[in-house]
Amino acid sequence: QVQLVESGGGLVQTGDSLSLSCAASGRTFSLYTMGWFRQAPGKEREFVAAVSRTGASTYYADSMKGRFTISRDNAKNTVYLQMNSLKPEDTAVYYCAAGSGLVASASFHRGNGINYWGKGTSVTVSS
């Protein structure tokens with residue numbers, strides 16, 4: 001069993017940066033591909049970014065490329081999401097997820113193969 005707890009959300013202005021963290025319990029963190037997903041009010045959940053078990057590979061949704069950076073520290077059982085140049089359309093609840101699959105897998109991006117979800121942290125970007 002893995003528990004995921006996100007933190008770092010908040011209210012920021014357009015153009016600001018924010019760093020999210022997701023702390024995982026358990027000793028199997030390094031066995032999972034980790035991802036960030038988000039869900040904006042009234043919209044479906046969407047994939048944000050993923051990082052491989054070792055951290056060597058990453059993958060981003062097109063709209064996040066160049067602005068967001070995902071990383072992980074297996075020694076600390078933590079995955080991070082650095083978000084720069086934030087826009088109002090980035091407003092959403094951001095969820096951390098642990099699962100199997102390759103970072104570039106469309107199935108993973110759809111949320112398939114996700115074993116564990118966090119409860120989310122809210123990010124609001126004001127214009």
# chains A, B, ... in the order shown; residues from 1 in each chain; ligands from 1
>>> select_by_dssp(residues="chain A", states="strand (DSSP E or B)", output="short mmCIF file (atom, residue, chain, number, x, y, z; two decimals) with C-alpha atoms, in the first residue's frame")
data_model
loop_
_atom_site.label_atom_id
_atom_site.label_comp_id
_atom_site.auth_asym_id
_atom_site.auth_seq_id
_atom_site.Cartn_x
_atom_site.Cartn_y
_atom_site.Cartn_z
CA LEU A 4 0.43 9.86 -1.61
CA VAL A 5 0.14 13.31 -0.07
CA GLU A 6 0.42 16.40 -2.22
CA SER A 7 1.43 19.83 -0.97
CA GLY A 10 -2.03 27.92 -3.45
CA LEU A 11 -3.12 31.17 -5.03
CA VAL A 12 -0.67 32.87 -7.38
CA GLN A 13 -0.77 35.45 -10.14
CA LEU A 18 4.83 27.28 -7.89
CA SER A 19 6.41 24.04 -6.76
CA LEU A 20 4.29 21.05 -5.85
CA SER A 21 5.48 18.06 -3.87
CA CYS A 22 4.06 14.61 -3.41
CA ALA A 23 5.33 12.54 -0.52
CA ALA A 24 4.82 8.80 -0.67
CA THR A 33 6.14 5.43 -12.59
CA MET A 34 4.94 8.68 -11.06
CA GLY A 35 2.65 11.18 -12.67
CA TRP A 36 0.88 14.44 -12.10
CA PHE A 37 -2.66 14.95 -13.34
CA ARG A 38 -5.01 17.87 -12.91
CA GLN A 39 -8.71 18.56 -13.02
CA ARG A 45 -9.03 15.08 -15.50
CA GLU A 46 -6.01 15.57 -17.73
CA PHE A 47 -2.47 14.32 -17.77
CA VAL A 48 0.27 16.80 -16.86
CA ALA A 49 3.60 14.98 -16.62
CA ALA A 50 5.23 11.67 -15.79
CA VAL A 51 8.62 10.52 -14.60
CA THR A 58 10.11 12.34 -18.31
CA TYR A 59 7.12 13.16 -20.46
CA TYR A 60 4.85 16.18 -20.59
CA PHE A 68 6.61 22.51 -16.07
CA THR A 69 9.33 20.21 -14.79
CA ILE A 70 8.72 16.90 -13.08
CA SER A 71 11.39 15.22 -10.98
CA ARG A 72 11.68 12.68 -8.23
CA ASP A 73 13.94 11.86 -5.31
CA THR A 78 9.00 12.36 -3.18
CA VAL A 79 8.01 13.55 -6.62
CA TYR A 80 7.98 17.21 -7.55
CA LEU A 81 6.32 19.43 -10.10
CA GLN A 82 7.92 22.80 -10.75
CA MET A 83 5.49 25.07 -12.54
CA ALA A 92 -7.02 23.11 -11.18
CA VAL A 93 -6.66 20.52 -8.49
CA TYR A 94 -3.39 18.72 -9.07
CA TYR A 95 -3.15 15.04 -8.27
CA CYS A 96 -0.14 12.84 -7.79
CA ALA A 97 -0.37 9.27 -9.06
CA ALA A 98 1.71 6.12 -8.87
CA GLY A 99 1.39 3.41 -11.43
CA ILE A 114 -2.63 3.88 -11.89
CA ASN A 115 -2.40 2.00 -8.62
CA TYR A 116 -2.58 4.93 -6.21
CA TRP A 117 -3.88 8.48 -6.27
CA THR A 121 -3.72 20.09 -3.96
CA SER A 122 -5.47 23.14 -5.34
CA VAL A 123 -3.73 25.66 -7.59
CA THR A 124 -5.42 28.92 -8.50
CA VAL A 125 -3.84 31.34 -10.94
CA SER A 126 -5.40 34.78 -10.99
#
>>> atom_distance(atom1="CA of Arg110 (chain A)", atom2="CA of Ser52 (chain A)")
16.4 Å
>>> select_by_dssp(residues="region 94-127 of chain A", states="helix (DSSP H, G or I)", output="VMD selection string")
chain A and resid 106 to 109
>>> write_last_selection(atoms="all heavy atoms", output="tab-separated table (two decimals), in the first residue's frame")
chain	number	residue	atom	x	y	z
A	106	ALA	N	0.22	6.39	-23.78
A	106	ALA	CA	-1.07	7.07	-23.84
A	106	ALA	C	-2.04	6.48	-22.83
A	106	ALA	O	-2.90	7.19	-22.30
A	106	ALA	CB	-1.64	6.98	-25.25
A	107	SER	N	-1.90	5.19	-22.59
A	107	SER	CA	-2.77	4.54	-21.61
A	107	SER	C	-2.53	5.11	-20.22
A	107	SER	O	-3.48	5.39	-19.48
A	107	SER	CB	-2.52	3.04	-21.63
A	107	SER	OG	-3.36	2.39	-20.69
A	108	PHE	N	-1.27	5.30	-19.88
A	108	PHE	CA	-0.95	5.90	-18.59
A	108	PHE	C	-1.51	7.31	-18.53
A	108	PHE	O	-2.05	7.73	-17.51
A	108	PHE	CB	0.57	5.92	-18.40
A	108	PHE	CG	1.01	6.42	-17.04
A	108	PHE	CD1	1.16	5.54	-15.97
A	108	PHE	CD2	1.29	7.76	-16.83
A	108	PHE	CE1	1.58	6.00	-14.72
A	108	PHE	CE2	1.70	8.23	-15.59
A	108	PHE	CZ	1.84	7.34	-14.54
A	109	HIS	N	-1.40	8.05	-19.62
A	109	HIS	CA	-1.90	9.42	-19.63
A	109	HIS	C	-3.42	9.47	-19.44
A	109	HIS	O	-3.95	10.48	-19.00
A	109	HIS	CB	-1.51	10.11	-20.93
A	109	HIS	CG	-0.04	10.11	-21.18
A	109	HIS	ND1	0.50	10.37	-22.42
A	109	HIS	CD2	1.01	9.87	-20.36
A	109	HIS	CE1	1.81	10.29	-22.34
A	109	HIS	NE2	2.15	9.98	-21.11
>>> atom_distance(atom1="CA of Met64 (chain A)", atom2="CA of Thr14 (chain A)")
14.8 Å
